[in-house]
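Peer 1: So that you have it, the file is my_file-v6.cif, and it contains mmCIF, C-alpha atoms:
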```
data_input
#
loop_
_atom_site.group_PDB
_atom_site.id
_atom_site.type_symbol
_atom_site.label_atom_id
_atom_site.label_comp_id
_atom_site.auth_asym_id
_atom_site.auth_seq_id
_atom_site.Cartn_x
_atom_site.Cartn_y
_atom_site.Cartn_z
ATOM 1 C CA MET A 1 15.749 -14.685 -37.539
ATOM 2 C CA LEU A 2 16.050 -15.511 -33.839
ATOM 3 C CA VAL A 3 18.879 -14.291 -31.642
ATOM 4 C CA ASP A 4 19.383 -15.952 -28.292
ATOM 5 C CA LEU A 5 20.522 -13.657 -25.479
ATOM 6 C CA SER A 6 22.932 -16.280 -24.130
ATOM 7 C CA GLU A 7 24.568 -16.486 -27.564
ATOM 8 C CA LEU A 8 24.907 -12.696 -27.598
ATOM 9 C CA GLN A 9 26.638 -12.838 -24.230
ATOM 10 C CA VAL A 10 29.129 -15.408 -25.563
ATOM 11 C CA PHE A 11 29.719 -13.164 -28.578
ATOM 12 C CA LEU A 12 30.286 -10.209 -26.247
ATOM 13 C CA PHE A 13 32.974 -12.123 -24.311
ATOM 14 C CA VAL A 14 34.775 -13.211 -27.498
ATOM 15 C CA ALA A 15 34.658 -9.686 -28.931
ATOM 16 C CA THR A 16 35.883 -8.155 -25.659
ATOM 17 C CA GLU A 17 38.702 -10.668 -25.142
ATOM 18 C CA ARG A 18 39.525 -10.765 -28.901
ATOM 19 C CA SER A 19 40.125 -14.459 -28.371
ATOM 20 C CA PHE A 20 37.973 -17.603 -28.493
ATOM 21 C CA SER A 21 40.244 -19.382 -25.999
ATOM 22 C CA LYS A 22 40.246 -16.552 -23.429
ATOM 23 C CA ALA A 23 36.464 -16.243 -23.707
ATOM 24 C CA ALA A 24 36.191 -19.981 -23.095
ATOM 25 C CA GLU A 25 38.305 -19.669 -19.943
ATOM 26 C CA ARG A 26 36.220 -16.819 -18.561
ATOM 27 C CA LEU A 27 32.962 -18.617 -19.297
ATOM 28 C CA HIS A 28 34.281 -21.964 -18.027
ATOM 29 C CA LYS A 29 33.494 -23.620 -21.331
ATOM 30 C CA THR A 30 35.545 -25.461 -23.920
ATOM 31 C CA GLN A 31 36.833 -23.585 -26.964
ATOM 32 C CA PRO A 32 34.884 -25.852 -29.365
ATOM 33 C CA ALA A 33 31.671 -25.023 -27.475
ATOM 34 C CA ILE A 34 32.391 -21.304 -27.846
ATOM 35 C CA SER A 35 33.155 -21.720 -31.545
ATOM 36 C CA GLN A 36 29.944 -23.680 -32.056
ATOM 37 C CA THR A 37 27.893 -20.974 -30.340
ATOM 38 C CA ILE A 38 29.387 -18.220 -32.527
ATOM 39 C CA LYS A 39 28.844 -20.346 -35.652
ATOM 40 C CA ARG A 40 25.188 -20.840 -34.725
ATOM 41 C CA LEU A 41 24.762 -17.100 -34.115
ATOM 42 C CA GLU A 42 26.322 -16.303 -37.481
ATOM 43 C CA GLU A 43 24.015 -18.781 -39.205
ATOM 44 C CA ASN A 44 20.951 -17.254 -37.568
ATOM 45 C CA LEU A 45 22.040 -13.760 -38.599
ATOM 46 C CA GLY A 46 23.269 -14.761 -42.046
ATOM 47 C CA GLU A 47 26.471 -12.764 -41.514
ATOM 48 C CA LYS A 48 30.057 -13.492 -40.473
ATOM 49 C CA LEU A 49 30.913 -11.739 -37.211
ATOM 50 C CA PHE A 50 34.659 -12.407 -37.000
ATOM 51 C CA ASP A 51 37.366 -12.255 -39.639
ATOM 52 C CA ARG A 52 38.899 -15.721 -39.285
ATOM 53 C CA SER A 53 41.773 -14.834 -41.630
ATOM 54 C CA SER A 54 43.222 -12.312 -39.170
ATOM 55 C CA LYS A 55 44.715 -12.840 -35.750
ATOM 56 C CA GLY A 56 43.193 -11.273 -32.670
ATOM 57 C CA GLY A 57 39.534 -12.016 -33.474
ATOM 58 C CA HIS A 58 38.860 -8.848 -35.451
ATOM 59 C CA LEU A 59 35.209 -8.042 -35.979
ATOM 60 C CA THR A 60 33.573 -7.756 -39.364
ATOM 61 C CA GLN A 61 31.296 -4.815 -40.094
ATOM 62 C CA ALA A 62 28.303 -6.917 -39.008
ATOM 63 C CA GLY A 63 30.176 -7.898 -35.826
ATOM 64 C CA THR A 64 30.908 -4.261 -34.993
ATOM 65 C CA ILE A 65 27.221 -3.366 -35.374
ATOM 66 C CA LEU A 66 26.115 -6.345 -33.292
ATOM 67 C CA LEU A 67 28.622 -5.562 -30.531
ATOM 68 C CA ASP A 68 26.898 -2.273 -29.702
ATOM 69 C CA TYR A 69 23.503 -3.959 -29.441
ATOM 70 C CA ALA A 70 24.928 -6.867 -27.440
ATOM 71 C CA ARG A 71 26.301 -4.436 -24.868
ATOM 72 C CA ARG A 72 23.014 -2.564 -24.591
ATOM 73 C CA LEU A 73 20.951 -5.752 -24.320
ATOM 74 C CA THR A 74 23.252 -7.096 -21.617
ATOM 75 C CA ILE A 75 22.901 -3.867 -19.640
ATOM 76 C CA LEU A 76 19.099 -4.060 -19.982
ATOM 77 C CA LYS A 77 19.127 -7.677 -18.803
ATOM 78 C CA ASP A 78 21.161 -6.728 -15.724
ATOM 79 C CA GLU A 79 18.864 -3.780 -14.992
ATOM 80 C CA ALA A 80 15.762 -5.978 -15.329
ATOM 81 C CA GLU A 81 17.162 -8.585 -12.953
ATOM 82 C CA SER A 82 18.148 -5.851 -10.508
ATOM 83 C CA ALA A 83 14.673 -4.283 -10.663
ATOM 84 C CA VAL A 84 13.024 -7.604 -9.839
ATOM 85 C CA ARG A 85 15.442 -8.196 -6.960
ATOM 86 C CA GLU A 86 14.707 -4.708 -5.624
ATOM 87 C CA LEU A 87 10.997 -5.409 -5.795
ATOM 88 C CA GLN A 88 11.484 -8.634 -3.866
ATOM 89 C CA ASP A 89 13.594 -6.718 -1.352
ATOM 90 C CA LEU A 90 10.797 -4.086 -1.093
ATOM 91 C CA ARG A 91 13.007 -1.260 -2.314
ATOM 92 C CA ARG A 92 10.578 -0.401 -5.113
ATOM 93 C CA GLY A 93 7.408 -1.981 -3.755
ATOM 94 C CA ARG A 94 4.179 -0.087 -3.183
ATOM 95 C CA VAL A 95 1.125 -0.817 -1.069
ATOM 96 C CA LEU A 96 -2.259 0.606 -2.107
ATOM 97 C CA ILE A 97 -4.910 0.913 0.614
ATOM 98 C CA GLY A 98 -8.498 2.117 0.414
ATOM 99 C CA ALA A 99 -10.035 3.711 3.499
ATOM 100 C CA ASN A 100 -12.277 6.491 4.668
ATOM 101 C CA GLU A 101 -10.828 9.486 6.469
ATOM 102 C CA ALA A 102 -11.528 8.174 9.967
ATOM 103 C CA ALA A 103 -9.759 4.865 9.314
ATOM 104 C CA VAL A 104 -6.465 6.611 8.504
ATOM 105 C CA HIS A 105 -5.888 7.230 12.224
ATOM 106 C CA VAL A 106 -5.996 3.484 12.879
ATOM 107 C CA LEU A 107 -3.673 2.784 9.955
ATOM 108 C CA LEU A 108 -0.938 5.193 11.023
ATOM 109 C CA PRO A 109 0.654 2.925 13.684
ATOM 110 C CA VAL A 110 0.711 0.073 11.145
ATOM 111 C CA ILE A 111 2.306 2.299 8.521
ATOM 112 C CA GLU A 112 4.873 3.448 11.071
ATOM 113 C CA ASN A 113 5.788 -0.154 11.888
ATOM 114 C CA PHE A 114 5.979 -1.111 8.204
ATOM 115 C CA ARG A 115 8.121 1.892 7.255
ATOM 116 C CA HIS A 116 10.506 1.162 10.122
ATOM 117 C CA GLU A 117 11.184 -2.273 8.618
ATOM 118 C CA HIS A 118 11.011 -1.227 4.952
ATOM 119 C CA PRO A 119 11.912 2.480 4.621
ATOM 120 C CA GLU A 120 12.164 2.410 0.805
ATOM 121 C CA ALA A 121 8.703 0.944 0.196
ATOM 122 C CA GLN A 122 5.831 3.278 -0.688
ATOM 123 C CA VAL A 123 2.435 3.404 1.015
ATOM 124 C CA GLU A 124 -0.514 5.135 -0.632
ATOM 125 C CA VAL A 125 -3.887 5.456 1.088
ATOM 126 C CA SER A 126 -6.747 6.633 -1.101
ATOM 127 C CA ARG A 127 -10.167 7.709 0.054
ATOM 128 C CA ARG A 128 -12.868 5.228 -1.012
ATOM 129 C CA PRO A 129 -16.532 4.684 -0.057
ATOM 130 C CA ALA A 130 -16.917 1.636 2.206
ATOM 131 C CA ARG A 131 -19.306 -0.052 -0.251
ATOM 132 C CA GLN A 132 -16.658 0.059 -2.996
ATOM 133 C CA ILE A 133 -13.591 -1.109 -1.074
ATOM 134 C CA ALA A 134 -14.178 -4.879 -1.061
ATOM 135 C CA ASN A 135 -14.637 -5.030 -4.848
ATOM 136 C CA ASP A 136 -11.544 -2.874 -5.398
ATOM 137 C CA VAL A 137 -9.485 -5.288 -3.297
ATOM 138 C CA LEU A 138 -10.866 -8.297 -5.174
ATOM 139 C CA ASN A 139 -10.136 -6.818 -8.606
ATOM 140 C CA ARG A 140 -6.617 -5.824 -7.460
ATOM 141 C CA THR A 141 -7.146 -2.079 -7.738
ATOM 142 C CA LEU A 142 -6.206 -2.070 -4.051
ATOM 143 C CA ASP A 143 -3.948 -4.325 -1.994
ATOM 144 C CA PHE A 144 -5.898 -3.657 1.206
ATOM 145 C CA GLY A 145 -9.049 -1.965 2.404
ATOM 146 C CA VAL A 146 -10.199 -0.785 5.816
ATOM 147 C CA LEU A 147 -13.765 -1.528 6.941
ATOM 148 C CA THR A 148 -15.676 -1.612 10.215
ATOM 149 C CA PHE A 149 -17.396 -4.922 9.366
ATOM 150 C CA PRO A 150 -16.204 -8.338 8.106
ATOM 151 C CA PRO A 151 -16.266 -8.623 4.292
ATOM 152 C CA ARG A 152 -18.965 -10.863 2.832
ATOM 153 C CA GLU A 153 -17.193 -11.397 -0.466
ATOM 154 C CA ARG A 154 -15.602 -14.814 -0.988
ATOM 155 C CA GLY A 155 -11.861 -14.717 -1.461
ATOM 156 C CA LEU A 156 -11.335 -11.959 1.122
ATOM 157 C CA LEU A 157 -9.929 -12.252 4.617
ATOM 158 C CA SER A 158 -9.833 -9.651 7.373
ATOM 159 C CA LEU A 159 -7.634 -8.740 10.309
ATOM 160 C CA ALA A 160 -9.105 -6.801 13.253
ATOM 161 C CA LEU A 161 -6.739 -3.892 13.846
ATOM 162 C CA GLU A 162 -8.410 -2.062 16.703
ATOM 163 C CA GLU A 163 -11.718 -1.527 18.459
ATOM 164 C CA ASP A 164 -13.164 1.964 18.359
ATOM 165 C CA GLU A 165 -16.321 3.719 19.515
ATOM 166 C CA LEU A 166 -18.251 6.907 18.870
ATOM 167 C CA VAL A 167 -17.920 9.672 21.453
ATOM 168 C CA MET A 168 -19.184 13.215 21.679
ATOM 169 C CA LEU A 169 -16.327 15.704 21.395
ATOM 170 C CA VAL A 170 -16.766 19.020 23.219
ATOM 171 C CA TYR A 171 -14.475 21.974 23.911
ATOM 172 C CA SER A 172 -12.724 22.122 27.295
ATOM 173 C CA ASP A 173 -15.137 24.487 29.071
ATOM 174 C CA HIS A 174 -18.351 23.132 27.568
ATOM 175 C CA PRO A 175 -21.078 22.384 30.168
ATOM 176 C CA PHE A 176 -20.783 18.667 29.327
ATOM 177 C CA ALA A 177 -16.966 18.613 29.676
ATOM 178 C CA LYS A 178 -17.141 17.426 33.296
ATOM 179 C CA ARG A 179 -19.809 14.807 32.577
ATOM 180 C CA ARG A 180 -18.813 11.183 32.022
ATOM 181 C CA ARG A 181 -21.841 10.524 29.852
ATOM 182 C CA VAL A 182 -24.884 12.235 28.381
ATOM 183 C CA THR A 183 -28.067 10.934 26.791
ATOM 184 C CA MET A 184 -28.716 11.012 23.074
ATOM 185 C CA GLU A 185 -31.567 13.456 23.756
ATOM 186 C CA GLU A 186 -29.119 15.845 25.437
ATOM 187 C CA LEU A 187 -26.755 15.550 22.467
ATOM 188 C CA GLY A 188 -29.661 16.154 20.111
ATOM 189 C CA LYS A 189 -30.255 19.589 21.601
ATOM 190 C CA GLU A 190 -26.665 20.705 20.908
ATOM 191 C CA THR A 191 -25.425 22.305 17.696
ATOM 192 C CA VAL A 192 -23.771 19.331 15.998
ATOM 193 C CA ILE A 193 -20.901 19.586 13.509
ATOM 194 C CA ALA A 194 -20.783 16.610 11.151
ATOM 195 C CA HIS A 195 -18.888 15.313 8.148
ATOM 196 C CA ASN A 196 -20.842 16.134 5.011
ATOM 197 C CA ASP A 197 -19.955 12.863 3.268
ATOM 198 C CA PRO A 198 -22.584 10.115 3.668
ATOM 199 C CA SER A 199 -21.397 7.099 5.663
ATOM 200 C CA PRO A 200 -22.856 3.935 7.216
ATOM 201 C CA VAL A 201 -22.155 5.333 10.718
ATOM 202 C CA ARG A 202 -24.055 8.560 10.021
ATOM 203 C CA GLU A 203 -26.995 6.528 8.700
ATOM 204 C CA GLN A 204 -26.948 4.377 11.859
ATOM 205 C CA VAL A 205 -27.012 7.438 14.101
ATOM 206 C CA LEU A 206 -29.892 9.047 12.202
ATOM 207 C CA ARG A 207 -31.810 5.763 12.278
ATOM 208 C CA LEU A 208 -31.349 5.470 16.050
ATOM 209 C CA TYR A 209 -32.761 8.975 16.532
ATOM 210 C CA GLU A 210 -35.765 8.052 14.387
ATOM 211 C CA GLU A 211 -36.327 4.889 16.418
ATOM 212 C CA HIS A 212 -36.271 6.973 19.621
ATOM 213 C CA GLN A 213 -38.638 9.481 17.985
ATOM 214 C CA SER A 214 -36.076 12.167 18.592
ATOM 215 C CA SER A 215 -33.871 14.355 16.394
ATOM 216 C CA ILE A 216 -30.263 15.474 16.145
ATOM 217 C CA ASN A 217 -29.475 19.114 15.398
ATOM 218 C CA ILE A 218 -26.828 18.916 12.638
ATOM 219 C CA GLN A 219 -26.193 22.560 11.807
ATOM 220 C CA ILE A 220 -22.700 22.541 10.287
ATOM 221 C CA GLY A 221 -21.323 20.162 7.657
ATOM 222 C CA LEU A 222 -17.582 20.095 6.946
ATOM 223 C CA PRO A 223 -15.480 18.071 4.478
ATOM 224 C CA SER A 224 -12.692 16.925 6.834
ATOM 225 C CA LEU A 225 -12.190 15.518 10.307
ATOM 226 C CA ASP A 226 -9.510 18.086 11.072
ATOM 227 C CA GLY A 227 -11.961 20.841 10.164
ATOM 228 C CA ILE A 228 -14.607 19.339 12.441
ATOM 229 C CA LYS A 229 -12.223 19.098 15.396
ATOM 230 C CA ARG A 230 -11.025 22.648 14.847
ATOM 231 C CA ALA A 231 -14.619 23.890 14.709
ATOM 232 C CA VAL A 232 -15.355 22.206 18.060
ATOM 233 C CA GLU A 233 -12.253 23.849 19.567
ATOM 234 C CA MET A 234 -13.609 27.189 18.287
ATOM 235 C CA LYS A 235 -16.839 26.477 20.201
ATOM 236 C CA LEU A 236 -18.984 26.335 17.091
ATOM 237 C CA GLY A 237 -20.664 23.171 18.338
ATOM 238 C CA VAL A 238 -20.018 19.559 19.329
ATOM 239 C CA ALA A 239 -19.227 16.510 17.196
ATOM 240 C CA LEU A 240 -19.918 12.781 17.264
ATOM 241 C CA LEU A 241 -16.791 11.022 15.997
ATOM 242 C CA PRO A 242 -14.769 7.822 16.526
ATOM 243 C CA ARG A 243 -12.564 8.287 19.575
ATOM 244 C CA ARG A 244 -9.452 7.302 17.607
ATOM 245 C CA CYS A 245 -9.856 10.306 15.307
ATOM 246 C CA ALA A 246 -9.144 12.701 18.163
ATOM 247 C CA ILE A 247 -6.856 10.684 20.398
ATOM 248 C CA SER A 248 -4.093 13.319 20.477
ATOM 249 C CA GLU A 249 -6.506 16.231 21.065
ATOM 250 C CA ILE A 250 -8.149 14.288 23.883
ATOM 251 C CA ALA A 251 -4.766 13.444 25.418
ATOM 252 C CA ASN A 252 -3.606 17.075 25.518
ATOM 253 C CA GLY A 253 -6.941 18.455 26.709
ATOM 254 C CA GLN A 254 -7.886 20.373 23.570
ATOM 255 C CA LEU A 255 -11.051 18.302 23.294
ATOM 256 C CA ILE A 256 -13.039 16.302 25.832
ATOM 257 C CA ALA A 257 -14.593 12.949 24.953
ATOM 258 C CA VAL A 258 -17.994 12.350 26.530
ATOM 259 C CA LYS A 259 -19.767 9.023 26.164
ATOM 260 C CA VAL A 260 -23.265 8.781 24.707
ATOM 261 C CA PRO A 261 -24.112 5.158 25.637
ATOM 262 C CA GLU A 262 -27.012 4.778 23.183
ATOM 263 C CA LEU A 263 -24.779 5.948 20.324
ATOM 264 C CA ARG A 264 -21.508 4.282 21.327
ATOM 265 C CA LEU A 265 -21.675 1.872 18.347
ATOM 266 C CA PRO A 266 -18.478 -0.048 19.133
ATOM 267 C CA ARG A 267 -16.851 -1.595 16.071
ATOM 268 C CA HIS A 268 -13.669 -3.364 15.063
ATOM 269 C CA VAL A 269 -11.662 -1.585 12.403
ATOM 270 C CA ARG A 270 -10.583 -4.335 10.000
ATOM 271 C CA LEU A 271 -7.892 -4.615 7.365
ATOM 272 C CA ILE A 272 -9.295 -6.656 4.467
ATOM 273 C CA TYR A 273 -7.139 -8.377 1.862
ATOM 274 C CA ARG A 274 -7.052 -11.140 -0.745
ATOM 275 C CA ARG A 275 -5.956 -14.590 0.324
ATOM 276 C CA SER A 276 -2.175 -14.815 0.745
ATOM 277 C CA GLU A 277 -1.455 -16.269 -2.697
ATOM 278 C CA GLY A 278 -2.801 -13.047 -4.195
ATOM 279 C CA LEU A 279 -0.423 -10.736 -2.316
ATOM 280 C CA SER A 280 2.741 -9.145 -3.682
ATOM 281 C CA HIS A 281 5.977 -9.298 -1.682
ATOM 282 C CA THR A 282 5.338 -5.754 -0.441
ATOM 283 C CA ALA A 283 1.707 -6.419 0.479
ATOM 284 C CA ALA A 284 2.694 -9.578 2.358
ATOM 285 C CA ALA A 285 5.226 -7.523 4.332
ATOM 286 C CA PHE A 286 2.545 -4.924 5.137
ATOM 287 C CA LEU A 287 0.229 -7.655 6.382
ATOM 288 C CA GLN A 288 3.028 -8.919 8.624
ATOM 289 C CA ALA A 289 3.559 -5.371 9.943
ATOM 290 C CA SER A 290 -0.176 -5.171 10.714
ATOM 291 C CA GLU A 291 -0.026 -8.396 12.703
ATOM 292 C CA ASN A 292 3.049 -7.163 14.565
ATOM 293 C CA SER A 293 1.289 -3.896 15.452
ATOM 294 C CA ILE A 294 -1.615 -5.834 16.951
ATOM 295 C CA ARG A 295 0.761 -7.939 19.043
ATOM 296 C CA LYS A 296 2.462 -4.782 20.371
ATOM 297 C CA VAL A 297 -0.906 -3.365 21.487
ATOM 298 C CA THR A 298 -2.004 -6.586 23.207
ATOM 299 C CA GLN A 299 1.298 -7.254 25.002
#
```
Step by step, read the file and then write its structure as structure tokens.
Peer 2:
Amino acid sequence: MLVDLSELQVFLFVATERSFSKAAERLHKTQPAISQTIKRLEENLGEKLFDRSSKGGHLTQAGTILLDYARRLTILKDEAESAVRELQDLRRGRVLIGANEAAVHVLLPVIENFRHEHPEAQVEVSRRPARQIANDVLNRTLDFGVLTFPPRERGLLSLALEEDELVMLVYSDHPFAKRRRVTMEELGKETVIAHNDPSPVREQVLRLYEEHQSSINIQIGLPSLDGIKRAVEMKLGVALLPRRCAISEIANGQLIAVKVPELRLPRHVRLIYRRSEGLSHTAAAFLQASENSIRKVTQ
């Protein structure tokens, strides 16, 4: 037994109007077409839905039962169509992004721009190791990822969001605070506060010290960038971090950024994503917001 939703909607109009002719007028159909649709529905169900012997289109017991379901199914159809429209309009959309903690600071202006245009859409940034992000974007676990190198995987594109560099962060009255730059050997003699999660940048720094047959004195490991910055402010040591991570603290004088030329390691922070045909409406809008943010910076 198959019941067509369009036939149920015709039945609902006839039952509501209690008239085949009035239902035909409302649906802009002929009365014979309406009658034929109801006859076909009755044949599929194996039950009469209207008592033809009475005036006013009275429902049979089967018709009364079906009417309740027809109303509910029609409501569900309307809700489904509305949900899809809302998704297309970004009212229920969600963007999933994978990034490390440092990359969040670069993402914030993009998120601000996106939320200004689409305030009902959701943005969720989850912490992921850099080596895992590209695969997660390809297998659609993530819409976007943030890396400091172009993806090698086929099927991925990237957008350079911003250039960043490593700087030494010191407290305001540190002996190096008035220096424009220091050597990596001078940094190596300081008590260094570092993130205790392994990262490609940390490995690069350690490798550079090995190549220079020198060492870096990492004495304190902390699990968050905010904790590291706070520890530097408390004069527990210095830190080597991307400048963008401390842009507000540098601007208000809480921390001083000192260049270490050998360890500058400039890099472009990139937003990686699947080719455009693989993007949802919401993800496509986020990509557009990213491009707009770049244009604002370069203007």
Peer 1: Do you know which residues lie at most 7 Å from (-4.6, -10.0, 8.0), with coordinates as in the file and all atoms listed in the file counted, and could you write them as a list in words?
Peer 2: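 Every residue inside that radius is included here: Leu157, Ser158, Leu159, Leu271, Ile272, Tyr273, Leu287 and Glu291 of chain A.
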Peer 1: Between A:Pro198, A:Gly253, A:Gly63, A:Pro109, which residue has the minimum interatomic distance to A:Phe286, considering all atoms listed in the file?
Peer 2: A:Pro109
Peer 1: Between atom CA of A:Ala102 and atom CA of A:Arg202, measure the distance and give it in Å to one decimal.
Peer 2: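 Atom-to-atom, atom CA of A:Ala102 and atom CA of A:Arg202 are spaced 12.5 Å apart.
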Peer 1: Show me, as a PDB file with C-alpha atoms, in the coordinates of the input, the residues that have an atom within 7 Å of A:Val170 when counting only C-alpha atoms, minus same-chain residues fewer than 3 positions from it.
Peer 2:
```pdb
ATOM      1  CA  HIS A 174     -18.351  23.132  27.568  1.00  0.00           C
ATOM      2  CA  ALA A 177     -16.966  18.613  29.676  1.00  0.00           C
ATOM      3  CA  VAL A 232     -15.355  22.206  18.060  1.00  0.00           C
ATOM      4  CA  VAL A 238     -20.018  19.559  19.329  1.00  0.00           C
ATOM      5  CA  ALA A 239     -19.227  16.510  17.196  1.00  0.00           C
ATOM      6  CA  LEU A 255     -11.051  18.302  23.294  1.00  0.00           C
ATOM      7  CA  ILE A 256     -13.039  16.302  25.832  1.00  0.00           C
ATOM      8  CA  ALA A 257     -14.593  12.949  24.953  1.00  0.00           C
TER       9      ALA A 257
END
```
Peer 1: Applied to this file, what does the PyMOL selection byres ((chain A and resi 241) around 10) return in terms of residues, put as a list in words?
Peer 2: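 After applying the PyMOL selection byres ((chain A and resi 241) around 10), what remains is Ala102, Glu165, Leu166, Val167, Met168, Leu169, Ile193, Ala194, His195, Val201, Arg202, Leu225, Ile228, Lys229, Val238, Ala239, Leu240, Pro242, Arg243, Arg244, Cys245, Ala246, Ala257 and Arg264 of chain A.
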Peer 1: Residues of the last selection are to be written out with C-alpha atoms, as a short mmCIF file (atom, residue, chain, number, x, y, z; two decimals), in the coordinates of the input.
Peer 2:
```cif
data_model
loop_
_atom_site.label_atom_id
_atom_site.label_comp_id
_atom_site.auth_asym_id
_atom_site.auth_seq_id
_atom_site.Cartn_x
_atom_site.Cartn_y
_atom_site.Cartn_z
CA ALA A 102 -11.53 8.17 9.97
CA GLU A 165 -16.32 3.72 19.52
CA LEU A 166 -18.25 6.91 18.87
CA VAL A 167 -17.92 9.67 21.45
CA MET A 168 -19.18 13.22 21.68
CA LEU A 169 -16.33 15.70 21.40
CA ILE A 193 -20.90 19.59 13.51
CA ALA A 194 -20.78 16.61 11.15
CA HIS A 195 -18.89 15.31 8.15
CA VAL A 201 -22.16 5.33 10.72
CA ARG A 202 -24.06 8.56 10.02
CA LEU A 225 -12.19 15.52 10.31
CA ILE A 228 -14.61 19.34 12.44
CA LYS A 229 -12.22 19.10 15.40
CA VAL A 238 -20.02 19.56 19.33
CA ALA A 239 -19.23 16.51 17.20
CA LEU A 240 -19.92 12.78 17.26
CA PRO A 242 -14.77 7.82 16.53
CA ARG A 243 -12.56 8.29 19.58
CA ARG A 244 -9.45 7.30 17.61
CA CYS A 245 -9.86 10.31 15.31
CA ALA A 246 -9.14 12.70 18.16
CA ALA A 257 -14.59 12.95 24.95
CA ARG A 264 -21.51 4.28 21.33
#
```
Peer 1: Considering all atoms listed in the file, can you say which of A:Pro175, A:Val269, A:Ile34, A:Asn217 comes closest to A:Pro151?
Peer 2: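 Closest to A:Pro151, using all atoms listed in the file: A:Val269.
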Peer 1: Counting only C-alpha atoms, select every polymer residue within 9 Å of (-24.0, 6.7, 27.3) as defined in the file's coordinates, and provide the selection as a PDB file with C-alpha atoms, keeping the file's coordinate frame.
Peer 2:
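Below is the file that was written, part-v2.pdb:
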```
ATOM      1  CA  VAL A 167     -17.920   9.672  21.453  1.00  0.00           C
ATOM      2  CA  ARG A 180     -18.813  11.183  32.022  1.00  0.00           C
ATOM      3  CA  ARG A 181     -21.841  10.524  29.852  1.00  0.00           C
ATOM      4  CA  VAL A 182     -24.884  12.235  28.381  1.00  0.00           C
ATOM      5  CA  THR A 183     -28.067  10.934  26.791  1.00  0.00           C
ATOM      6  CA  MET A 184     -28.716  11.012  23.074  1.00  0.00           C
ATOM      7  CA  VAL A 258     -17.994  12.350  26.530  1.00  0.00           C
ATOM      8  CA  LYS A 259     -19.767   9.023  26.164  1.00  0.00           C
ATOM      9  CA  VAL A 260     -23.265   8.781  24.707  1.00  0.00           C
ATOM     10  CA  PRO A 261     -24.112   5.158  25.637  1.00  0.00           C
ATOM     11  CA  GLU A 262     -27.012   4.778  23.183  1.00  0.00           C
ATOM     12  CA  LEU A 263     -24.779   5.948  20.324  1.00  0.00           C
ATOM     13  CA  ARG A 264     -21.508   4.282  21.327  1.00  0.00           C
TER      14      ARG A 264
END
```
Peer 1: Selected by the PyMOL selection byres ((chain A and resi 236) around 9) in the shown coordinates: which residues, as a short mmCIF file (atom, residue, chain, number, x, y, z; two decimals) with C-alpha atoms, keeping the file's coordinate frame?
Peer 2:
```
data_model
loop_
_atom_site.label_atom_id
_atom_site.label_comp_id
_atom_site.auth_asym_id
_atom_site.auth_seq_id
_atom_site.Cartn_x
_atom_site.Cartn_y
_atom_site.Cartn_z
CA THR A 191 -25.42 22.30 17.70
CA VAL A 192 -23.77 19.33 16.00
CA ILE A 193 -20.90 19.59 13.51
CA ILE A 220 -22.70 22.54 10.29
CA ALA A 231 -14.62 23.89 14.71
CA VAL A 232 -15.36 22.21 18.06
CA GLU A 233 -12.25 23.85 19.57
CA MET A 234 -13.61 27.19 18.29
CA LYS A 235 -16.84 26.48 20.20
CA GLY A 237 -20.66 23.17 18.34
CA VAL A 238 -20.02 19.56 19.33
#
```
Peer 1: Find, counting all atoms listed in the file, the residue in A:Ala33, A:Leu45, A:Leu279, A:Leu265 that gets nearest to A:Gln204.
Peer 2: A:Leu265
Peer 1: So which residues get picked by the PyMOL selection byres ((chain A and resi 144) around 12) here, written as a ChimeraX atom specification?
Peer 2: /A:94-99,107,123-126,128,133-143,145-147,151,156-159,270-276,278-280,282-284,286-287,290
Peer 1: Of the candidates A:Glu25, A:Leu8, A:Ser53, A:Pro119, which one gets nearest to A:Leu41 if we count only C-alpha atoms?
Peer 2: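 Of the candidates, the smallest distance to A:Leu41 is held by A:Leu8.
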